[in-house]
file final.txt (compact mmCIF, C-alpha atoms and all ligand atoms)
# COMPACT_ATOMS: atom_id res chain seq x y z
CA MET P 134 116.49 -55.16 -60.10
CA GLU P 135 116.35 -51.42 -60.75
CA GLU P 136 119.69 -50.99 -59.10
CA LEU P 137 121.20 -53.68 -61.34
CA LEU P 138 119.73 -52.03 -64.40
CA ARG P 139 121.05 -48.64 -63.38
CA ARG P 140 124.51 -50.09 -62.90
CA SER P 141 124.69 -51.69 -66.31
CA GLU P 142 123.38 -48.54 -67.99
CA LYS P 143 126.21 -46.71 -66.36
CA LEU P 144 128.86 -48.74 -68.15
CA THR P 145 130.28 -46.06 -70.34
CA THR P 146 131.32 -46.42 -73.94
CA VAL P 147 134.94 -46.95 -74.87
CA GLY P 148 135.14 -43.41 -76.22
CA GLN P 149 134.03 -41.81 -72.97
CA LEU P 150 136.45 -43.99 -71.07
CA ALA P 151 139.33 -43.08 -73.33
CA ALA P 152 138.59 -39.39 -72.78
CA GLY P 153 138.66 -39.98 -69.02
CA VAL P 154 141.94 -41.83 -69.18
CA ALA P 155 143.49 -39.12 -71.32
CA HIS P 156 142.38 -36.51 -68.80
CA GLU P 157 143.64 -38.44 -65.79
CA ILE P 158 147.01 -39.07 -67.39
CA ARG P 159 147.47 -35.56 -68.69
CA ASN P 160 147.52 -34.05 -65.18
CA PRO P 161 150.53 -36.00 -63.90
CA LEU P 162 152.21 -35.57 -67.30
CA THR P 163 151.84 -31.80 -67.01
CA THR P 164 153.45 -31.91 -63.57
CA LEU P 165 156.31 -34.05 -64.86
CA ARG P 166 156.90 -31.73 -67.78
CA GLY P 167 156.95 -28.72 -65.49
CA PHE P 168 159.65 -30.23 -63.32
CA LEU P 169 161.77 -31.28 -66.28
CA GLN P 170 161.50 -27.77 -67.70
CA LEU P 171 162.61 -26.37 -64.37
CA GLN P 172 165.61 -28.68 -64.45
CA GLN P 173 166.46 -27.61 -68.00
CA GLN P 174 166.25 -23.91 -67.20
CA SER P 175 167.93 -23.77 -63.82
CA GLY P 176 169.12 -27.25 -62.92
CA SER P 177 167.34 -26.87 -59.62
CA LEU P 178 165.57 -30.19 -59.14
CA ASN P 179 165.84 -31.39 -55.54
CA GLN P 180 164.95 -34.64 -53.77
CA SER P 181 161.38 -33.62 -53.04
CA HIS P 182 160.82 -32.74 -56.71
CA VAL P 183 162.16 -36.15 -57.70
CA LYS P 184 159.91 -37.83 -55.13
CA LEU P 185 156.88 -36.04 -56.56
CA MET P 186 157.87 -36.98 -60.11
CA LEU P 187 158.15 -40.63 -59.09
CA SER P 188 154.73 -40.61 -57.47
CA GLU P 189 153.20 -39.01 -60.57
CA LEU P 190 154.82 -41.70 -62.72
CA ASP P 191 153.47 -44.38 -60.37
CA ARG P 192 150.01 -42.90 -60.74
CA ILE P 193 150.17 -43.06 -64.54
CA ASN P 194 151.39 -46.63 -64.28
CA LEU P 195 148.52 -47.58 -61.96
CA ILE P 196 145.88 -46.09 -64.25
CA VAL P 197 147.33 -47.70 -67.37
CA GLY P 198 147.67 -51.00 -65.51
CA GLU P 199 144.00 -51.10 -64.58
CA PHE P 200 143.01 -50.62 -68.21
CA LEU P 201 145.42 -53.23 -69.51
CA ILE P 202 143.43 -55.80 -67.55
CA LEU P 203 140.46 -55.02 -69.78
CA ALA P 204 142.47 -54.88 -72.98
CA LYS P 205 144.65 -57.99 -72.73
CA PRO P 206 144.19 -60.12 -75.86
CA GLN P 207 144.34 -63.44 -73.96
CA ALA P 208 141.51 -62.08 -71.84
CA THR P 209 138.91 -63.88 -73.92
CA LYS P 210 139.99 -67.42 -73.02
CA PHE P 211 137.09 -68.75 -70.97
CA VAL P 212 137.69 -72.02 -69.16
CA ALA P 213 135.77 -74.09 -66.61
CA LYS P 214 136.90 -73.28 -63.08
CA ASP P 215 135.51 -73.76 -59.62
CA VAL P 216 135.01 -70.33 -58.06
CA ARG P 217 136.16 -71.70 -54.69
CA ASN P 218 139.59 -72.50 -56.15
CA VAL P 219 139.92 -69.14 -57.88
CA LEU P 220 138.99 -67.29 -54.70
CA GLN P 221 141.23 -69.47 -52.57
CA ASP P 222 144.23 -68.56 -54.77
CA VAL P 223 143.43 -64.86 -54.35
CA LEU P 224 143.09 -65.18 -50.57
CA VAL P 225 146.52 -66.84 -50.35
CA PHE P 226 147.95 -64.12 -52.59
CA LEU P 227 146.54 -61.33 -50.37
CA ASP P 228 147.29 -63.05 -47.08
CA SER P 229 150.45 -61.13 -46.19
CA GLU P 230 148.87 -57.80 -47.16
CA ALA P 231 145.89 -58.59 -44.94
CA HIS P 232 148.12 -59.64 -42.07
CA LEU P 233 150.06 -56.40 -42.38
CA HIS P 234 146.83 -54.44 -41.86
CA ASN P 235 145.46 -56.59 -39.01
CA ILE P 236 142.83 -58.03 -41.29
CA VAL P 237 141.49 -61.55 -40.89
CA PHE P 238 139.82 -63.34 -43.80
CA ARG P 239 136.97 -65.57 -42.61
CA GLN P 240 135.69 -67.81 -45.36
CA VAL P 241 132.61 -69.98 -45.63
CA PHE P 242 132.60 -72.02 -48.84
CA THR P 243 129.82 -74.39 -49.80
CA GLU P 244 130.62 -78.10 -50.26
CA GLU P 245 128.71 -78.04 -53.54
CA ASP P 246 130.37 -77.75 -56.93
CA CYS P 247 130.82 -74.09 -57.96
CA SER P 248 132.10 -74.49 -61.49
CA ILE P 249 131.64 -71.61 -63.87
CA SER P 250 133.01 -70.57 -67.24
CA CYS P 251 135.49 -67.77 -66.70
CA GLU P 252 138.56 -65.92 -67.79
CA GLU P 253 140.53 -66.80 -64.68
CA ASN P 254 142.88 -63.81 -64.46
CA GLN P 255 140.07 -61.34 -64.96
CA LEU P 256 137.96 -63.01 -62.31
CA LYS P 257 140.92 -62.99 -59.94
CA GLN P 258 141.29 -59.28 -60.63
CA VAL P 259 137.69 -58.72 -59.56
CA PHE P 260 138.24 -60.53 -56.25
CA ILE P 261 141.52 -58.67 -55.68
CA ASN P 262 139.80 -55.31 -56.31
CA LEU P 263 136.93 -56.11 -53.93
CA LEU P 264 139.14 -57.53 -51.19
CA LYS P 265 141.50 -54.57 -51.44
CA ASN P 266 138.58 -52.19 -51.03
CA ALA P 267 137.48 -54.17 -47.97
CA ILE P 268 140.98 -53.97 -46.48
CA GLU P 269 141.20 -50.26 -47.23
CA ALA P 270 137.82 -49.67 -45.57
CA MET P 271 139.20 -50.95 -42.24
CA PRO P 272 142.26 -48.85 -41.43
CA GLY P 273 142.31 -50.24 -37.89
CA GLY P 274 141.95 -53.84 -39.02
CA GLY P 275 139.01 -56.22 -38.72
CA VAL P 276 137.33 -59.22 -40.27
CA VAL P 277 136.42 -59.72 -43.93
CA HIS P 278 133.76 -62.39 -44.40
CA ILE P 279 133.96 -64.23 -47.71
CA SER P 280 131.27 -66.66 -48.72
CA VAL P 281 130.61 -68.82 -51.76
CA GLN P 282 127.17 -70.41 -52.14
CA ARG P 283 125.28 -72.30 -54.83
CA LYS P 284 121.88 -70.71 -55.47
CA GLY P 285 119.95 -72.61 -58.10
CA GLY P 286 121.73 -72.13 -61.42
CA SER P 287 124.08 -69.53 -59.98
CA VAL P 288 127.14 -69.19 -57.84
CA ALA P 289 126.90 -66.33 -55.33
CA ILE P 290 130.05 -64.82 -53.88
CA SER P 291 129.86 -62.21 -51.15
CA ILE P 292 132.63 -60.14 -49.63
CA THR P 293 131.59 -58.31 -46.49
CA ASP P 294 133.68 -55.96 -44.40
CA GLU P 295 133.20 -54.18 -41.09
CA GLY P 296 134.62 -50.95 -42.41
CA ILE P 297 133.75 -47.29 -42.80
CA GLY P 298 130.88 -47.94 -45.22
CA ILE P 299 129.68 -45.71 -48.05
CA PRO P 300 127.53 -42.61 -47.37
CA GLU P 301 124.16 -42.69 -49.12
CA ASP P 302 124.89 -39.67 -51.31
CA MET P 303 128.03 -41.36 -52.58
CA ILE P 304 126.68 -44.79 -53.42
CA SER P 305 125.30 -43.81 -56.84
CA LYS P 306 128.75 -42.56 -57.86
CA ILE P 307 130.54 -45.80 -56.97
CA GLY P 308 131.61 -47.45 -60.21
CA ASP P 309 131.81 -44.21 -62.19
CA PRO P 310 135.23 -44.11 -63.84
CA PHE P 311 137.71 -42.23 -61.65
CA PHE P 312 135.29 -41.75 -58.76
CA THR P 313 137.32 -42.22 -55.60
CA ALA P 314 137.02 -41.09 -52.00
CA LYS P 315 140.64 -42.06 -51.35
CA GLU P 316 143.64 -39.78 -51.51
CA THR P 317 145.64 -42.17 -53.67
CA GLY P 318 142.74 -44.09 -55.23
CA THR P 319 142.26 -44.45 -58.99
CA GLY P 320 138.50 -44.89 -58.87
CA LEU P 321 138.77 -47.69 -61.42
CA GLY P 322 138.51 -50.86 -59.33
CA ILE P 323 134.73 -51.14 -59.19
CA MET P 324 134.24 -50.00 -62.78
CA VAL P 325 136.73 -52.57 -64.10
CA SER P 326 135.21 -55.29 -61.87
CA GLN P 327 131.71 -54.45 -63.03
CA ARG P 328 132.77 -54.76 -66.66
CA ILE P 329 134.46 -58.09 -66.09
CA ILE P 330 131.43 -59.49 -64.24
CA ASN P 331 129.17 -58.25 -67.05
CA SER P 332 131.31 -60.05 -69.63
CA HIS P 333 130.75 -63.20 -67.56
CA GLN P 334 126.96 -62.70 -67.72
CA GLY P 335 126.99 -62.02 -63.99
CA THR P 336 125.80 -59.25 -61.72
CA MET P 337 127.35 -57.23 -58.94
CA ASP P 338 125.43 -55.57 -56.12
CA ILE P 339 126.75 -53.31 -53.35
CA GLN P 340 125.03 -52.81 -49.98
CA SER P 341 126.57 -50.48 -47.44
CA GLN P 342 125.94 -48.77 -44.12
CA VAL P 343 128.16 -46.04 -42.77
CA ASN P 344 130.36 -47.27 -39.91
CA ILE P 345 128.82 -50.74 -40.09
CA GLY P 346 130.30 -52.06 -43.28
CA THR P 347 129.94 -52.91 -46.92
CA SER P 348 128.88 -56.09 -48.64
CA VAL P 349 129.52 -56.76 -52.31
CA LYS P 350 127.65 -59.65 -53.85
CA VAL P 351 128.72 -61.13 -57.17
CA THR P 352 126.46 -63.66 -58.89
CA LEU P 353 127.71 -65.76 -61.79
CA PRO P 354 125.97 -68.43 -63.90
CA ALA P 355 126.99 -71.93 -62.80
CA LEU P 356 128.22 -74.54 -65.26
CA ARG P 357 125.95 -77.54 -64.86
CA ASP P 358 127.44 -81.04 -64.86
CA ALA P 359 130.94 -79.67 -65.09
CA VAL P 360 133.95 -80.77 -63.14
CA ALA P 361 136.39 -77.90 -63.10
CA GLY P 362 139.81 -77.39 -61.60
P1 LIG A 401 139.48 -46.79 -55.39
O1 LIG A 401 139.58 -47.97 -54.46
O2 LIG A 401 140.72 -46.58 -56.19
O3 LIG A 401 139.00 -45.54 -54.71
P2 LIG A 401 137.22 -48.23 -56.46
O4 LIG A 401 136.53 -48.17 -57.77
O5 LIG A 401 137.77 -49.56 -56.04
O6 LIG A 401 138.37 -47.14 -56.50
O7 LIG A 401 136.24 -47.72 -55.34
C1 LIG A 401 135.60 -46.45 -55.51
C2 LIG A 401 135.13 -45.89 -54.18
O8 LIG A 401 134.10 -46.70 -53.66
C3 LIG A 401 136.20 -45.89 -53.09
O9 LIG A 401 137.02 -44.75 -53.17
C4 LIG A 401 135.35 -45.91 -51.84
O10 LIG A 401 134.92 -44.61 -51.52
C5 LIG A 401 134.14 -46.71 -52.24
N1 LIG A 401 134.24 -48.11 -51.78
C6 LIG A 401 134.43 -49.21 -52.56
N2 LIG A 401 134.45 -50.33 -51.81
C7 LIG A 401 134.27 -49.94 -50.53
C8 LIG A 401 134.20 -50.62 -49.26
N3 LIG A 401 134.35 -51.95 -49.18
N4 LIG A 401 134.01 -49.86 -48.15
C9 LIG A 401 133.85 -48.54 -48.23
N5 LIG A 401 133.93 -47.82 -49.38
C10 LIG A 401 134.13 -48.51 -50.52
MG MG A 402 139.68 -49.97 -55.09
call {"tool": "encode", "arguments": {"input": "final.txt", "output": "structure tokens"}}
result
Amino acid sequence: MEELLRRSEKLTTVGQLAAGVAHEIRNPLTTLRGFLQLQQQSGSLNQSHVKLMLSELDRINLIVGEFLILAKPQATKFVAKDVRNVLQDVLVFLDSEAHLHNIVFRQVFTEEDCSISCEENQLKQVFINLLKNAIEAMPGGGVVHISVQRKGGSVAISITDEGIGIPEDMISKIGDPFFTAKETGTGLGIMVSQRIINSHQGTMDIQSQVNIGTSVKVTLPALRDAVAG
């Protein structure tokens, strides 16, 4: 419980987030400006400069993209959906990426109805973020276990990998905007996912052991007596 409380307290205000975004975008913009200035003064841009400029632009695009997910106006359309179907769509979508990295998805879905009220694209984004982290945690490949269970009035989804795990001193920073341990990470995936799950009145809990793996559990309120697609 304390952990859950701590996580929701950590959800920063829009203002703090905006300052973070501005900061993160200003760095690549400064680099881009520097190169363009060089080109203007001496016309000396070469292929490696162009490559760097493209990767800086990609980074800006990635950061802006993650925030658009939160800002989309249609994002407030909640409909009845069965979590198993939403997750199944995501698994099919990520199948080739998983295959490419020698990752196997092993799923155990309950036979019981798992209908919830959700904004489908946002919920899909959460599962994509979590599954991508699982894939990225296993550079040599491995198994990702995905389970969906009914627990009383809730639907519990867990995504468990056999990856590198999260060191204890790092775990409290996971979910802070822009906190990443990856060279090309944005450090936005968990924060965005946490916000989406919060807006669905759900909770998210991360358990991890170094070199054993990480398990992320998402719990969402079930829709009683509903038949969802
Ligand atoms: P990013 O993936 O861009 O780094 P995230 O917010 O998705 O940003 O994750 C933040 C950090 O949390 C990651 O850089 C990684 O250190 C850690 N992390 C998240 N999920 C996992 C996982 N399944 N296994 C190991 N580390 C993880
Ligand atoms: Mg991520």
call {"tool": "residues_near_ligand", "arguments": {"input": "final.txt", "ligand": "ligand LIG 401 (chain A)", "cutoff": "7 Å", "atoms": "all atoms listed in the file", "output": "list in words"}}
result
Asn262, Leu263, Asn266, Ala267, Ala270, Asp294, Gly296, Ile297, Gly298, Ile299, Ile307, Gly308, Phe312, Thr313, Ala314, Lys315, Gly318, Thr319, Gly320, Leu321, Gly322, Ile323, Met324, Gly346, Thr347 and Ser348 of chain P
call {"tool": "closest_residue", "arguments": {"input": "final.txt", "among": "P:Ala289, P:Ile330, P:Leu195, P:Ile279", "to": "ligand MG 402 (chain A)", "atoms": "only C-alpha atoms and all ligand atoms"}}
result
P:Leu195
call {"tool": "atom_distance", "arguments": {"input": "final.txt", "atom1": "CA of His156 (chain P)", "atom2": "CA of Gln172 (chain P)"}}
result
24.9 Å
call {"tool": "closest_residue", "arguments": {"input": "final.txt", "among": "P:Asp191, P:Glu316, P:Glu157, P:Glu269", "to": "ligand MG 402 (chain A)", "atoms": "all atoms listed in the file"}}
result
P:Glu269
call {"tool": "closest_residue", "arguments": {"input": "final.txt", "among": "P:Ile345, P:Leu356, P:Ile236, P:Val288", "to": "Pro272 (chain P)", "atoms": "all atoms listed in the file"}}
result
P:Ile236
call {"tool": "atom_distance", "arguments": {"input": "final.txt", "atom1": "CA of Gly198 (chain P)", "atom2": "CA of Leu353 (chain P)"}}
result
25.1 Å
call {"tool": "closest_residue", "arguments": {"input": "final.txt", "among": "P:Asp222, P:Glu301, P:Glu199, P:Asp338", "to": "ligand MG 402 (chain A)", "atoms": "only C-alpha atoms and all ligand atoms"}}
result
P:Glu199
call {"tool": "residues_around", "arguments": {"input": "final.txt", "residues": "Thr352 (chain P)", "least_positions_apart": "3", "cutoff": "7 Å", "atoms": "only C-alpha atoms", "output": "PDB file with C-alpha atoms, in the frame of the given file"}}
result
ATOM      1  CA  SER P 287     124.080 -69.530 -59.980  1.00  0.00           C
ATOM      2  CA  VAL P 288     127.140 -69.190 -57.840  1.00  0.00           C
ATOM      3  CA  ALA P 289     126.900 -66.330 -55.330  1.00  0.00           C
ATOM      4  CA  ILE P 290     130.050 -64.820 -53.880  1.00  0.00           C
ATOM      5  CA  GLY P 335     126.990 -62.020 -63.990  1.00  0.00           C
ATOM      6  CA  THR P 336     125.800 -59.250 -61.720  1.00  0.00           C
ATOM      7  CA  MET P 337     127.350 -57.230 -58.940  1.00  0.00           C
TER       8      MET P 337
END
call {"tool": "closest_residue", "arguments": {"input": "final.txt", "among": "P:Gln170, P:Thr293, P:Ser181, P:Gln258", "to": "ligand MG 402 (chain A)", "atoms": "all atoms listed in the file"}}
result
P:Gln258
call {"tool": "closest_residue", "arguments": {"input": "final.txt", "among": "P:Ser305, P:Ser177, P:Ser291, P:Ser326", "to": "ligand MG 402 (chain A)", "atoms": "all atoms listed in the file"}}
result
P:Ser326
call {"tool": "atom_distance", "arguments": {"input": "final.txt", "atom1": "CA of Leu256 (chain P)", "atom2": "CA of Asp302 (chain P)"}}
result
28.9 Å
call {"tool": "residues_around", "arguments": {"input": "final.txt", "residues": "Ser280 (chain P)", "least_positions_apart": "2", "cutoff": "12 Å", "atoms": "all atoms listed in the file", "output": "list in words"}}
result
Val216, Arg217, Leu220, Gln221, Phe238, Arg239, Gln240, Val241, Phe242, Thr243, Glu244, Cys247, Phe260, Val277, His278, Gln282, Arg283, Val288, Ala289, Ile290, Ser291, Ile292, Thr293, Asp294, Ser348, Val349, Lys350, Val351 and Thr352 of chain P
call {"tool": "axis_aligned_box", "arguments": {"input": "final.txt", "around": "region 190-205 of chain P", "padding_each_side": "5 Å", "output": "lines of an AutoDock Vina configuration file"}}
result
center_x = 147.6
center_y = -49.8
center_z = -66.7
size_x = 24.4
size_y = 26.3
size_z = 22.6
call {"tool": "residues_around", "arguments": {"input": "final.txt", "residues": "Leu169 (chain P)", "least_positions_apart": "3", "cutoff": "12 Å", "atoms": "all atoms listed in the file", "output": "compact mmCIF listing (two decimals) with C-alpha atoms, keeping the file's coordinate frame"}}
result
# COMPACT_ATOMS: atom_id res chain seq x y z
CA LEU P 162 152.21 -35.57 -67.30
CA THR P 163 151.84 -31.80 -67.01
CA THR P 164 153.45 -31.91 -63.57
CA LEU P 165 156.31 -34.05 -64.86
CA ARG P 166 156.90 -31.73 -67.78
CA GLN P 172 165.61 -28.68 -64.45
CA GLN P 173 166.46 -27.61 -68.00
CA GLN P 174 166.25 -23.91 -67.20
CA SER P 175 167.93 -23.77 -63.82
CA GLY P 176 169.12 -27.25 -62.92
CA SER P 177 167.34 -26.87 -59.62
CA LEU P 178 165.57 -30.19 -59.14
CA ASN P 179 165.84 -31.39 -55.54
CA HIS P 182 160.82 -32.74 -56.71
CA VAL P 183 162.16 -36.15 -57.70
CA LEU P 185 156.88 -36.04 -56.56
CA MET P 186 157.87 -36.98 -60.11
call {"tool": "residues_around", "arguments": {"input": "final.txt", "residues": "region 230-233 of chain P", "least_positions_apart": "4", "cutoff": "9 Å", "atoms": "only C-alpha atoms", "output": "compact mmCIF listing (two decimals) with C-alpha atoms, keeping the file's coordinate frame"}}
result
# COMPACT_ATOMS: atom_id res chain seq x y z
CA PHE P 226 147.95 -64.12 -52.59
CA VAL P 237 141.49 -61.55 -40.89
CA PHE P 238 139.82 -63.34 -43.80
CA LYS P 265 141.50 -54.57 -51.44
CA ILE P 268 140.98 -53.97 -46.48
CA GLY P 274 141.95 -53.84 -39.02
